[in-house]
$ cat model34.txt   # compact mmCIF, C-alpha atoms and all ligand atoms
# COMPACT_ATOMS: atom_id res chain seq x y z
CA MET A 640 0.00 0.00 0.00
CA ASN A 641 1.47 3.32 -1.05
CA ARG A 642 -0.61 5.64 1.06
CA PRO A 643 1.20 7.35 3.94
CA GLU A 644 -0.40 7.89 7.37
CA ALA A 645 -3.61 9.90 7.34
CA ASP A 646 -1.84 12.71 9.24
CA THR A 647 0.78 12.99 6.53
CA ASP A 648 -1.88 13.09 3.88
CA ARG A 649 -3.67 15.92 5.70
CA ILE A 650 -0.40 17.86 5.90
CA LEU A 651 0.19 17.43 2.16
CA ALA A 652 -3.34 18.60 1.34
CA ALA A 653 -3.05 21.57 3.71
CA ALA A 654 0.32 22.60 2.28
CA ALA A 655 -1.02 22.48 -1.28
CA ASP A 656 -4.16 24.43 -0.41
CA ARG A 657 -2.34 27.07 1.59
CA PHE A 658 0.79 27.62 -0.48
CA GLY A 659 -0.10 26.35 -3.93
CA THR A 660 1.29 23.67 -6.18
CA PRO A 661 3.55 22.21 -7.33
CA ALA A 662 5.12 21.95 -3.89
CA TYR A 663 7.77 19.98 -2.09
CA VAL A 664 6.80 19.24 1.49
CA TYR A 665 9.56 18.24 3.93
CA LEU A 666 8.44 16.42 7.09
CA THR A 667 10.95 16.99 9.85
CA ASP A 668 9.49 14.18 12.00
CA VAL A 669 10.63 11.71 9.36
CA ILE A 670 14.18 13.13 9.39
CA GLU A 671 14.19 13.00 13.19
CA ALA A 672 13.28 9.30 13.07
CA ARG A 673 15.97 8.59 10.49
CA LEU A 674 18.58 10.40 12.57
CA ALA A 675 17.62 8.20 15.51
CA ALA A 676 17.86 5.03 13.40
CA LEU A 677 21.27 6.06 12.04
CA GLU A 678 22.52 6.84 15.53
CA SER A 679 21.29 3.53 16.87
CA ALA A 680 22.87 1.52 14.03
CA PHE A 681 26.12 3.43 13.48
CA GLY A 682 26.59 5.86 16.38
CA ARG A 683 29.21 3.71 18.12
CA TRP A 684 31.57 4.21 15.17
CA PHE A 685 30.45 7.18 13.11
CA ARG A 686 29.45 10.81 13.30
CA LEU A 687 27.38 12.12 10.40
CA SER A 688 28.14 14.61 7.69
CA TYR A 689 25.22 15.95 5.62
CA ALA A 690 25.99 16.21 1.90
CA MET A 691 23.96 19.33 1.21
CA LYS A 692 23.98 18.89 -2.57
CA CYS A 693 20.97 16.64 -2.13
CA ASN A 694 18.86 19.37 -0.55
CA PRO A 695 20.28 22.84 0.10
CA ASN A 696 17.00 24.44 1.20
CA PRO A 697 18.03 27.14 3.71
CA ALA A 698 15.26 26.37 6.22
CA LEU A 699 16.14 22.69 6.14
CA LEU A 700 19.83 23.53 6.51
CA SER A 701 19.14 25.61 9.62
CA TRP A 702 17.01 22.84 11.07
CA LEU A 703 19.77 20.29 10.44
CA ALA A 704 22.49 22.57 11.84
CA ASP A 705 21.35 21.76 15.40
CA ARG A 706 21.12 18.03 14.76
CA VAL A 707 24.01 16.89 12.52
CA PRO A 708 27.68 17.50 13.41
CA TYR A 709 29.17 18.14 9.97
CA ILE A 710 28.21 19.34 6.53
CA ASP A 711 29.76 18.62 3.16
CA VAL A 712 29.55 21.41 0.58
CA SER A 713 30.38 20.98 -3.10
CA SER A 714 30.76 24.56 -4.28
CA GLY A 715 31.55 28.01 -2.99
CA GLY A 716 27.85 28.78 -3.33
CA GLU A 717 26.92 25.85 -1.08
CA PHE A 718 29.50 27.02 1.45
CA VAL A 719 27.82 30.43 1.62
CA LEU A 720 24.36 28.85 1.93
CA ALA A 721 25.57 26.59 4.75
CA THR A 722 27.27 29.33 6.74
CA ASP A 723 24.29 31.67 6.24
CA ALA A 724 22.09 28.89 7.64
CA GLY A 725 24.13 28.69 10.84
CA TRP A 726 26.86 26.11 10.18
CA SER A 727 30.26 27.34 11.32
CA PRO A 728 32.91 27.04 8.56
CA ALA A 729 34.88 24.70 10.81
CA ARG A 730 32.11 22.09 10.57
CA ALA A 731 32.27 22.04 6.77
CA SER A 732 34.20 19.91 4.32
CA PHE A 733 34.41 20.89 0.65
CA THR A 734 34.28 18.20 -2.07
CA GLY A 735 34.04 18.60 -5.85
CA PRO A 736 36.23 17.79 -8.81
CA ALA A 737 36.53 21.29 -10.31
CA LYS A 738 37.14 23.71 -7.48
CA ARG A 739 37.99 27.16 -8.77
CA GLU A 740 40.54 29.54 -7.34
CA VAL A 741 37.94 32.02 -6.13
CA GLU A 742 36.13 29.23 -4.28
CA LEU A 743 39.32 27.97 -2.64
CA GLN A 744 40.27 31.50 -1.60
CA THR A 745 36.82 32.14 -0.13
CA VAL A 746 36.60 28.97 1.93
CA ILE A 747 40.21 28.98 3.16
CA ARG A 748 39.96 32.62 4.20
CA ALA A 749 36.68 31.90 5.99
CA GLY A 750 38.16 29.03 8.04
CA LEU A 751 36.82 25.91 6.28
CA GLY A 752 37.18 22.77 8.40
CA GLU A 753 38.54 20.42 5.76
CA LEU A 754 39.25 20.76 2.11
CA VAL A 755 38.70 17.47 0.28
CA ILE A 756 41.60 17.28 -2.16
CA GLU A 757 40.59 15.60 -5.42
CA SER A 758 43.73 16.15 -7.52
CA LEU A 759 47.31 17.28 -7.33
CA ARG A 760 46.39 20.47 -9.20
CA GLU A 761 43.99 21.30 -6.41
CA ALA A 762 46.53 20.48 -3.70
CA ARG A 763 49.17 22.74 -5.24
CA LEU A 764 46.68 25.58 -5.76
CA ALA A 765 45.29 25.27 -2.23
CA ASP A 766 48.82 25.24 -0.81
CA ARG A 767 49.64 28.48 -2.62
CA ILE A 768 46.41 30.16 -1.54
CA ALA A 769 46.83 29.07 2.08
CA GLY A 770 50.44 30.32 1.99
CA ASP A 771 49.33 33.71 0.62
CA LEU A 772 46.81 33.93 3.47
CA ASP A 773 49.45 32.83 5.97
CA ARG A 774 47.36 29.78 6.87
CA ARG A 775 47.83 26.05 7.13
CA GLN A 776 44.72 24.39 5.74
CA ASP A 777 43.51 20.99 6.94
CA VAL A 778 42.85 18.67 4.04
CA VAL A 779 41.53 15.15 3.55
CA ILE A 780 42.57 13.31 0.42
CA ARG A 781 39.81 11.79 -1.69
CA ILE A 782 40.79 8.40 -3.05
CA ALA A 783 39.04 6.69 -5.99
CA PRO A 784 39.15 2.90 -5.43
CA ASP A 785 39.66 0.59 -8.39
CA ARG A 786 36.59 -1.43 -7.49
CA VAL A 787 32.99 -0.77 -6.50
CA PRO A 788 30.83 -3.81 -5.67
CA LYS A 789 27.74 -4.47 -7.79
CA GLY A 790 24.52 -2.91 -6.56
CA PHE A 791 25.29 0.82 -6.52
CA GLY A 792 22.87 2.86 -8.64
CA ASP A 793 25.55 5.48 -9.17
CA GLN A 794 29.21 4.41 -9.37
CA MET A 795 31.82 7.14 -9.00
CA ALA A 796 34.98 5.01 -9.10
CA GLY A 797 36.17 1.59 -10.25
CA ARG A 798 36.58 2.96 -13.79
CA PRO A 799 37.80 6.23 -15.34
CA SER A 800 36.30 8.93 -13.14
CA PRO A 801 36.75 12.66 -12.50
CA PHE A 802 36.39 12.16 -8.74
CA GLY A 803 39.35 11.93 -6.41
CA ILE A 804 42.84 10.56 -6.87
CA ASP A 805 42.92 7.07 -8.39
CA ILE A 806 44.23 4.54 -5.88
CA GLU A 807 46.99 3.59 -8.34
CA GLU A 808 48.33 7.17 -8.13
CA ALA A 809 47.59 7.72 -4.45
CA PRO A 810 50.92 6.74 -2.82
CA ALA A 811 52.96 9.12 -5.00
CA ALA A 812 50.35 11.88 -4.74
CA LEU A 813 50.24 11.59 -0.94
CA THR A 814 54.01 11.86 -0.74
CA GLU A 815 53.85 15.13 -2.67
CA ILE A 816 50.88 16.52 -0.73
CA LEU A 817 52.44 15.66 2.63
CA ALA A 818 55.44 17.81 1.66
CA LEU A 819 53.35 20.92 0.87
CA PRO A 820 54.05 23.40 3.67
CA HIS A 821 50.64 25.09 3.89
CA LEU A 822 48.46 21.96 3.93
CA ARG A 823 48.02 19.57 6.84
CA VAL A 824 46.80 16.11 5.89
CA ALA A 825 44.07 15.44 8.43
CA GLY A 826 42.79 12.26 6.85
CA LEU A 827 41.35 10.40 3.90
CA HIS A 828 37.99 10.38 2.12
CA ILE A 829 36.24 7.92 -0.18
CA TYR A 830 32.88 8.35 -1.86
CA SER A 831 32.79 5.74 -4.61
CA GLY A 832 29.11 5.04 -5.15
CA THR A 833 25.61 5.66 -3.94
CA GLN A 834 22.00 4.54 -4.06
CA CYS A 835 22.70 1.00 -2.92
CA LEU A 836 19.86 -1.05 -1.43
CA LYS A 837 21.92 -4.16 -0.71
CA SER A 838 23.43 -4.27 2.73
CA ALA A 839 26.06 -6.85 1.75
CA ALA A 840 27.34 -4.58 -1.04
CA ILE A 841 27.61 -1.63 1.36
CA VAL A 842 29.50 -3.76 3.87
CA GLU A 843 31.83 -4.96 1.13
CA ASN A 844 32.39 -1.40 -0.06
CA TRP A 845 33.25 -0.13 3.42
CA GLY A 846 35.64 -3.08 3.65
CA ILE A 847 37.35 -1.81 0.49
CA PHE A 848 37.60 1.66 2.07
CA ILE A 849 39.09 0.25 5.25
CA GLY A 850 41.68 -1.72 3.29
CA ILE A 851 42.72 1.42 1.41
CA PHE A 852 42.74 3.59 4.55
CA ARG A 853 44.89 1.11 6.42
CA ALA A 854 47.36 0.61 3.58
CA LEU A 855 47.87 4.32 2.87
CA CYS A 856 48.13 5.25 6.55
CA GLU A 857 50.72 2.53 7.12
CA THR A 858 52.78 3.43 4.05
CA HIS A 859 52.83 7.12 4.99
CA ASP A 860 52.81 6.60 8.73
CA LEU A 861 49.66 8.66 9.20
CA ARG A 862 47.55 8.74 12.34
CA PRO A 863 44.57 10.49 10.79
CA ASP A 864 42.17 12.81 12.61
CA ARG A 865 39.40 11.77 10.23
CA LEU A 866 38.43 9.02 7.87
CA ILE A 867 35.39 9.91 5.79
CA PHE A 868 33.22 7.08 4.49
CA GLY A 869 30.81 7.85 1.64
CA SER A 870 27.83 5.94 2.92
CA GLY A 871 26.31 4.69 -0.33
CA LEU A 872 23.07 4.08 1.60
CA GLY A 873 20.17 4.08 -0.84
CA ILE A 874 16.44 4.62 -0.44
CA PRO A 875 13.45 2.91 -2.06
CA TYR A 876 12.02 4.98 -4.90
CA HIS A 877 9.99 2.54 -6.97
CA PRO A 878 7.13 0.16 -6.22
CA GLY A 879 8.68 -3.11 -5.05
CA ASP A 880 11.97 -1.59 -3.82
CA ALA A 881 12.82 -2.92 -0.36
CA ALA A 882 14.23 -0.43 2.15
CA LEU A 883 17.71 -1.02 3.55
CA ASP A 884 17.91 -2.14 7.14
CA PRO A 885 20.66 -0.04 8.78
CA ASP A 886 21.00 -2.59 11.61
CA GLU A 887 21.77 -5.27 9.05
CA VAL A 888 24.47 -3.06 7.50
CA ALA A 889 25.85 -2.37 10.98
CA ALA A 890 25.92 -6.06 11.90
CA GLY A 891 27.79 -6.89 8.70
CA ALA A 892 30.29 -4.05 9.04
CA ALA A 893 30.88 -4.46 12.78
CA PRO A 894 33.90 -6.82 12.69
CA GLU A 895 35.96 -4.59 10.41
CA LEU A 896 34.86 -1.32 12.01
CA ASP A 897 35.54 -2.65 15.51
CA ALA A 898 38.97 -3.86 14.42
CA LEU A 899 39.76 -0.48 12.89
CA LYS A 900 38.73 1.30 16.08
CA ALA A 901 40.83 -1.09 18.16
CA ASP A 902 43.97 -0.47 16.08
CA PRO A 903 46.30 1.92 18.00
CA ARG A 904 47.01 3.81 14.75
CA PHE A 905 43.34 4.83 14.61
CA SER A 906 42.62 5.18 18.32
CA ALA A 907 42.20 8.96 18.03
CA THR A 908 40.61 8.86 14.58
CA GLU A 909 37.06 10.09 14.11
CA LEU A 910 35.07 8.13 11.53
CA VAL A 911 32.56 10.16 9.54
CA LEU A 912 29.66 8.86 7.49
CA GLU A 913 28.87 11.24 4.62
CA LEU A 914 25.37 10.96 3.23
CA GLY A 915 22.51 12.92 1.79
CA ARG A 916 19.51 11.11 0.38
CA TYR A 917 19.30 8.50 3.12
CA LEU A 918 18.67 11.20 5.68
CA VAL A 919 16.25 13.49 3.88
CA GLY A 920 14.95 11.68 0.77
CA PRO A 921 12.06 9.79 2.39
CA ALA A 922 11.04 12.93 4.30
CA GLY A 923 9.97 14.78 1.16
CA TYR A 924 6.87 14.60 -1.02
CA PHE A 925 6.33 16.36 -4.33
CA VAL A 926 2.71 17.43 -4.59
CA THR A 927 1.36 18.26 -8.02
CA ARG A 928 -2.20 19.21 -8.96
CA VAL A 929 -4.10 17.68 -11.84
CA ILE A 930 -5.02 20.51 -14.19
CA SER A 931 -6.71 18.33 -16.75
CA THR A 932 -7.53 14.69 -17.43
CA LYS A 933 -7.73 13.21 -20.86
CA ASP A 934 -8.84 9.87 -22.24
CA SER A 935 -6.61 9.25 -25.23
CA ARG A 936 -6.75 6.14 -27.37
CA GLY A 937 -7.43 3.80 -24.54
CA ALA A 938 -5.19 5.50 -21.95
CA ARG A 939 -6.22 7.94 -19.24
CA ILE A 940 -3.78 10.79 -18.62
CA ALA A 941 -3.56 13.19 -15.67
CA ILE A 942 -1.86 16.38 -16.81
CA CYS A 943 -0.41 18.20 -13.80
CA ASP A 944 0.88 21.66 -12.94
CA GLY A 945 4.34 20.33 -12.02
CA GLY A 946 6.22 17.62 -13.89
CA MET A 947 9.76 17.07 -15.04
CA ASN A 948 10.46 20.81 -14.68
CA GLY A 949 9.84 20.56 -10.93
CA HIS A 950 11.04 16.99 -10.36
CA LEU A 951 13.53 15.78 -12.92
CA ALA A 952 14.43 12.64 -10.98
CA ALA A 953 10.85 11.35 -10.89
CA SER A 954 10.65 11.80 -14.66
CA GLY A 955 13.57 9.40 -15.01
CA HIS A 956 16.04 11.87 -16.46
CA PHE A 957 18.38 12.17 -13.49
CA GLY A 958 20.66 9.22 -13.95
CA MET A 959 18.11 6.44 -14.36
CA VAL A 960 18.89 3.93 -17.10
CA LEU A 961 15.32 2.76 -17.51
CA ARG A 962 12.46 5.02 -16.47
CA ARG A 963 10.49 3.51 -13.60
CA ASN A 964 7.63 5.11 -11.74
CA TYR A 965 8.29 6.60 -8.34
CA VAL A 966 5.87 5.50 -5.65
CA MET A 967 2.95 7.95 -5.65
CA HIS A 968 -0.57 8.25 -4.33
CA ARG A 969 -3.67 10.37 -4.81
CA VAL A 970 -3.94 12.76 -1.86
CA GLY A 971 -7.11 12.76 0.21
CA GLU A 972 -9.46 10.26 1.74
CA ASN A 973 -10.11 7.17 -0.24
CA ASP A 974 -13.65 7.89 -1.40
CA GLY A 975 -14.26 4.35 -2.55
CA ALA A 976 -13.33 5.18 -6.14
CA SER A 977 -12.18 2.07 -7.92
CA GLU A 978 -8.52 1.89 -8.84
CA GLU A 979 -7.43 2.24 -12.44
CA LYS A 980 -4.30 2.75 -14.46
CA ILE A 981 -3.35 6.28 -15.38
CA ASP A 982 -0.39 8.06 -16.94
CA VAL A 983 0.81 11.15 -15.10
CA SER A 984 2.39 13.94 -17.10
CA GLY A 985 3.50 17.51 -16.47
CA PRO A 986 2.81 20.89 -18.07
CA LEU A 987 5.71 20.99 -20.53
CA CYS A 988 5.35 20.78 -24.28
CA THR A 989 7.58 17.74 -24.58
CA SER A 990 6.80 14.06 -24.59
CA ILE A 991 9.54 13.37 -22.02
CA ASP A 992 7.61 15.26 -19.34
CA LYS A 993 6.19 12.12 -17.70
CA LEU A 994 5.97 11.40 -13.99
CA GLY A 995 4.31 8.03 -14.30
CA THR A 996 3.01 5.47 -16.74
CA ASN A 997 0.29 2.95 -15.92
CA VAL A 998 0.18 4.06 -12.30
CA VAL A 999 -2.59 2.37 -10.34
CA LEU A 1000 -4.54 5.05 -8.44
CA PRO A 1001 -8.11 5.59 -7.31
CA ARG A 1002 -9.87 7.41 -10.17
CA VAL A 1003 -8.22 10.78 -10.67
CA GLU A 1004 -10.25 13.86 -11.63
CA ASP A 1005 -9.36 17.46 -12.50
CA GLY A 1006 -8.23 19.30 -9.36
CA ASP A 1007 -6.96 16.23 -7.49
CA LEU A 1008 -3.52 16.18 -5.92
CA ILE A 1009 -0.91 13.52 -6.61
CA ALA A 1010 1.97 13.12 -4.15
CA ILE A 1011 5.24 11.56 -5.25
CA HIS A 1012 7.19 9.90 -2.45
CA ALA A 1013 10.94 9.84 -1.72
CA SER A 1014 11.30 13.38 -3.02
CA GLY A 1015 13.27 15.07 -0.24
CA ALA A 1016 16.61 14.74 -2.04
CA TYR A 1017 17.67 15.84 -5.52
CA GLY A 1018 14.44 17.79 -6.00
CA PRO A 1019 14.12 21.44 -7.01
CA THR A 1020 17.82 22.23 -7.38
CA SER A 1021 18.34 19.17 -9.58
CA SER A 1022 15.45 20.06 -11.90
CA PRO A 1023 15.10 22.39 -14.91
CA VAL A 1024 12.70 24.65 -13.02
CA ASN A 1025 12.94 27.55 -15.46
CA PHE A 1026 12.09 25.56 -18.56
CA ILE A 1027 8.93 27.10 -20.10
CA SER A 1028 8.56 29.50 -17.14
CA HIS A 1029 5.94 27.67 -15.16
CA PRO A 1030 5.83 28.43 -11.42
CA THR A 1031 8.80 26.93 -9.63
CA PRO A 1032 7.86 24.46 -6.89
CA ARG A 1033 7.07 25.78 -3.44
CA GLU A 1034 9.15 24.28 -0.65
CA ILE A 1035 7.25 23.80 2.58
CA MET A 1036 8.72 22.74 5.91
CA ALA A 1037 6.29 20.71 8.01
CA GLU A 1038 7.37 20.50 11.64
CA GLY A 1039 4.63 18.45 13.24
CA GLY A 1040 1.49 20.17 11.97
CA GLN A 1041 3.27 23.53 11.60
CA LEU A 1042 3.73 24.53 7.95
CA THR A 1043 6.23 27.18 6.85
CA ASP A 1044 6.88 28.48 3.37
CA ALA A 1045 10.59 27.87 2.77
CA THR A 1046 10.60 28.43 -0.99
CA ARG A 1047 14.04 29.30 -2.25
CA ILE A 1048 13.92 29.44 -6.02
CA GLU A 1049 11.58 32.02 -7.60
CA GLY A 1050 11.29 31.81 -11.37
CA ALA A 1051 9.25 33.83 -13.85
CA GLY A 1052 6.14 31.64 -13.60
CA LEU A 1053 2.77 33.25 -12.91
CA ARG A 1054 1.34 32.11 -9.58
CA GLY A 1055 -2.23 32.09 -8.46
C1 LIG A 1101 31.19 13.37 -2.59
C2 LIG A 1101 29.76 13.05 -2.37
N1 LIG A 1101 29.30 13.05 -1.11
C3 LIG A 1101 28.00 12.79 -0.86
C4 LIG A 1101 27.11 12.51 -1.86
C5 LIG A 1101 25.69 12.28 -1.47
O1 LIG A 1101 25.15 11.12 -1.93
P1 LIG A 1101 23.75 10.61 -1.42
O2 LIG A 1101 22.81 11.75 -1.44
O3 LIG A 1101 23.39 9.56 -2.39
O4 LIG A 1101 23.93 10.08 -0.04
C6 LIG A 1101 27.54 12.46 -3.18
C7 LIG A 1101 26.61 12.15 -4.25
O5 LIG A 1101 26.87 12.12 -5.40
C8 LIG A 1101 28.90 12.76 -3.44
O6 LIG A 1101 29.37 12.79 -4.68
$ encode --input "model34.txt" --output "structure tokens"
Amino acid sequence: MNRPEADTDRILAAAADRFGTPAYVYLTDVIEARLAALESAFGRWFRLSYAMKCNPNPALLSWLADRVPYIDVSSGGEFVLATDAGWSPARASFTGPAKREVELQTVIRAGLGELVIESLREARLADRIAGDLDRRQDVVIRIAPDRVPKGFGDQMAGRPSPFGIDIEEAPAALTEILALPHLRVAGLHIYSGTQCLKSAAIVENWGIFIGIFRALCETHDLRPDRLIFGSGLGIPYHPGDAALDPDEVAAGAAPELDALKADPRFSATELVLELGRYLVGPAGYFVTRVISTKDSRGARIAICDGGMNGHLAASGHFGMVLRRNYVMHRVGENDGASEEKIDVSGPLCTSIDKLGTNVVLPRVEDGDLIAIHASGAYGPTSSPVNFISHPTPREIMAEGGQLTDATRIEGAGLRG
């Protein structure tokens, strides 16, 4: 059954009626519960770092600032958003394969916690900038492993990749970086894949990380402050996807993580789990209103006010090989309408603007609301919101029953 709790459904309907559609609604209770589950499964080893690329909404960032120790930013712009939302620069790390000089200058001057070095070019540039500012910048070195287990929806290593320093090059690169006078190597970082729903694959991947961390730290006699693990934890998006069980991941990873912690070389090392979607993805719904229904050559189509322009990922154009429907439901009490198959499309004049095909929903009429689940990550900022100048999605924070308009992006679309 795809319907959420009745309370959630009432919140979605209230948000749409009060603030308009299309709208993303973020339920903080869900994030709170996920934080608790992460702490219970992984808290004995890891502290969390929120990868804000998945959802940089300023209201959400401020809410998270009191609840998550660290934040990972991937551009100078994200750094500014994070610090404006209340994160001190010292709690931030900065990843990204194409950091520009102006960005490095800005973050180093502001007191960034850790720069995640992804290439020798970046290390040399950061060293010069830190020297000019009379600083010594803490860095962690991002390593790209030569292998990622099967089961990751998005693989960022194990083949030619722009991300990080390939493991084959890492020993020589580390030797050079360790000799740079204005950088201090505080640790290592690996983020090699994400969107994995198989606990055994995540355990295996963390095992690969641990092998690399141990080998490099031994070769270079490092006692790192930090080892950053890219979590890879995925979330269910499509009907039939089974959610990961964090306790199962923890049970599988325990022997190697316990052994790492017990090793004197790592006794003062903080382990950090970097993640985005797992924390906030399931907390968000995308609510779109049916403007028109059409029966067309045997198919029924709901044409909505927000589609691919507001939610690229649900349309299948954000890194999905085969388009599959996201889980969705018709908002509002089940009025006894019989279920039927319907295609769900958006307002754009292109045939790729589809949010669902053959979705089974209670009969949908003009004016109804459809809510797409698992939409709290990679939503508005990952979507072509300005295409054809329709209203950009509202972003609504729902803390308990309290709704706040937290819309960040205003386009040229006419509202009302
Ligand atoms: C370096 C890095 N950290 C964190 C993330 C966040 O991934 P996710 O939202 O899947 O947890 C990504 C995603 O691509 C990433 O590249």
$ closest_atom_pairs --input "model34.txt" --of "chain A" --to "ligand LIG 1101 (chain A)" --cutoff "10 Å" --atoms "all atoms listed in the file" --output "CSV"
residue,atom,partner,partner_atom,distance
A:Ser688,CA,A:LIG1101,C3,8.7
A:Tyr689,CA,A:LIG1101,C3,7.7
A:Ala690,CA,A:LIG1101,C3,4.8
A:Met691,CA,A:LIG1101,C5,7.7
A:Lys692,CA,A:LIG1101,C5,6.9
A:Cys693,CA,A:LIG1101,O2,5.3
A:Asn694,CA,A:LIG1101,O2,8.6
A:Ile710,CA,A:LIG1101,C3,9.9
A:Asp711,CA,A:LIG1101,N1,7.0
A:Val712,CA,A:LIG1101,N1,8.5
A:Ser713,CA,A:LIG1101,C1,7.7
A:Ser732,CA,A:LIG1101,C1,10.0
A:Phe733,CA,A:LIG1101,C1,8.8
A:Thr734,CA,A:LIG1101,C1,5.8
A:Gly735,CA,A:LIG1101,C1,6.8
A:Pro736,CA,A:LIG1101,C1,9.1
A:Val755,CA,A:LIG1101,C1,9.0
A:Arg781,CA,A:LIG1101,C1,8.8
A:Phe791,CA,A:LIG1101,O3,9.9
A:Gly792,CA,A:LIG1101,O3,9.2
A:Asp793,CA,A:LIG1101,O5,7.7
A:Gln794,CA,A:LIG1101,O5,9.0
A:Met795,CA,A:LIG1101,O6,7.5
A:Phe802,CA,A:LIG1101,O6,8.1
A:Gly803,CA,A:LIG1101,C1,9.1
A:His828,CA,A:LIG1101,C1,8.8
A:Ile829,CA,A:LIG1101,C1,7.8
A:Tyr830,CA,A:LIG1101,C1,5.3
A:Ser831,CA,A:LIG1101,O6,7.8
A:Gly832,CA,A:LIG1101,O5,7.4
A:Thr833,CA,A:LIG1101,O3,4.7
A:Gln834,CA,A:LIG1101,O3,5.5
A:Cys835,CA,A:LIG1101,O3,8.6
A:Ile867,CA,A:LIG1101,N1,9.7
A:Phe868,CA,A:LIG1101,N1,9.1
A:Gly869,CA,A:LIG1101,N1,6.1
A:Ser870,CA,A:LIG1101,O4,6.4
A:Gly871,CA,A:LIG1101,O4,5.9
A:Leu872,CA,A:LIG1101,O4,6.3
A:Gly873,CA,A:LIG1101,O3,6.5
A:Ile874,CA,A:LIG1101,O3,8.7
A:Leu912,CA,A:LIG1101,C3,9.4
A:Glu913,CA,A:LIG1101,C3,5.8
A:Leu914,CA,A:LIG1101,O4,3.7
A:Gly915,CA,A:LIG1101,O2,3.4
A:Arg916,CA,A:LIG1101,O2,3.8
A:Tyr917,CA,A:LIG1101,O4,5.8
A:Leu918,CA,A:LIG1101,O4,7.9
A:Val919,CA,A:LIG1101,O2,8.6
A:Gly920,CA,A:LIG1101,O2,8.2
A:Ala1016,CA,A:LIG1101,O2,6.9
A:Tyr1017,CA,A:LIG1101,O2,7.7
$ atom_distance --input "model34.txt" --atom1 "atom CA of A:Met967" --atom2 "atom CA of A:Asn641"
6.7 Å
$ closest_atom_pairs --input "model34.txt" --of "stretch 728-785 of chain A" --to "stretch 806-815 of chain A" --cutoff "10 Å" --atoms "only C-alpha atoms" --output "tab-separated table"
residue	atom	partner	partner_atom	distance
A:Ser758	CA	A:Ala812	CA	8.4
A:Leu759	CA	A:Ala812	CA	6.7
A:Ala762	CA	A:Glu815	CA	9.1
A:Arg763	CA	A:Glu815	CA	9.3
A:Ile780	CA	A:Leu813	CA	8.0
A:Arg781	CA	A:Ala809	CA	9.2
A:Ile782	CA	A:Ile806	CA	5.9
A:Ala783	CA	A:Ile806	CA	5.6
A:Pro784	CA	A:Ile806	CA	5.4
A:Asp785	CA	A:Ile806	CA	6.5
$ residues_around --input "model34.txt" --residues "A:Phe1026" --least-positions-apart "4" --cutoff "10 Å" --atoms "only C-alpha atoms" --output "PDB file with C-alpha atoms, in the frame of the given file"
ATOM      1  CA  MET A 947       9.760  17.070 -15.040  1.00  0.00           C
ATOM      2  CA  ASN A 948      10.460  20.810 -14.680  1.00  0.00           C
ATOM      3  CA  GLY A 949       9.840  20.560 -10.930  1.00  0.00           C
ATOM      4  CA  LEU A 987       5.710  20.990 -20.530  1.00  0.00           C
ATOM      5  CA  SER A1022      15.450  20.060 -11.900  1.00  0.00           C
ATOM      6  CA  PRO A1030       5.830  28.430 -11.420  1.00  0.00           C
ATOM      7  CA  THR A1031       8.800  26.930  -9.630  1.00  0.00           C
ATOM      8  CA  GLY A1050      11.290  31.810 -11.370  1.00  0.00           C
ATOM      9  CA  ALA A1051       9.250  33.830 -13.850  1.00  0.00           C
ATOM     10  CA  GLY A1052       6.140  31.640 -13.600  1.00  0.00           C
TER      11      GLY A1052
END
$ atom_distance --input "model34.txt" --atom1 "atom CA of A:Ala676" --atom2 "atom CA of A:Thr722"
26.9 Å
$ closest_residue --input "model34.txt" --among "A:Asn973, A:Thr647, A:Thr667, A:Thr660" --to "A:Val929" --atoms "all atoms listed in the file"
A:Thr660
$ closest_residue --input "model34.txt" --among "A:Trp845, A:Tyr665, A:Phe681, A:Trp702" --to "A:Asp884" --atoms "only C-alpha atoms"
A:Phe681
$ residues_around --input "model34.txt" --residues "A:Glu972" --least-positions-apart "5" --cutoff "12 Å" --atoms "only C-alpha atoms" --output "count of residues only"
12
$ atom_distance --input "model34.txt" --atom1 "atom CA of A:Ala769" --atom2 "atom CA of A:Glu753"
12.5 Å
$ residues_around --input "model34.txt" --residues "A:Asp897" --least-positions-apart "5" --cutoff "12 Å" --atoms "all atoms listed in the file" --output "PyMOL selection string"
chain A and resi 681+683-685+846+849+889-892+902-903+905-906+910
$ write_last_selection --input "model34.txt" --atoms "C-alpha atoms" --output "PDB file, in the frame of the given file"
ATOM      1  CA  PHE A 681      26.120   3.430  13.480  1.00  0.00           C
ATOM      2  CA  ARG A 683      29.210   3.710  18.120  1.00  0.00           C
ATOM      3  CA  TRP A 684      31.570   4.210  15.170  1.00  0.00           C
ATOM      4  CA  PHE A 685      30.450   7.180  13.110  1.00  0.00           C
ATOM      5  CA  GLY A 846      35.640  -3.080   3.650  1.00  0.00           C
ATOM      6  CA  ILE A 849      39.090   0.250   5.250  1.00  0.00           C
ATOM      7  CA  ALA A 889      25.850  -2.370  10.980  1.00  0.00           C
ATOM      8  CA  ALA A 890      25.920  -6.060  11.900  1.00  0.00           C
ATOM      9  CA  GLY A 891      27.790  -6.890   8.700  1.00  0.00           C
ATOM     10  CA  ALA A 892      30.290  -4.050   9.040  1.00  0.00           C
ATOM     11  CA  ASP A 902      43.970  -0.470  16.080  1.00  0.00           C
ATOM     12  CA  PRO A 903      46.300   1.920  18.000  1.00  0.00           C
ATOM     13  CA  PHE A 905      43.340   4.830  14.610  1.00  0.00           C
ATOM     14  CA  SER A 906      42.620   5.180  18.320  1.00  0.00           C
ATOM     15  CA  LEU A 910      35.070   8.130  11.530  1.00  0.00           C
TER      16      LEU A 910
END
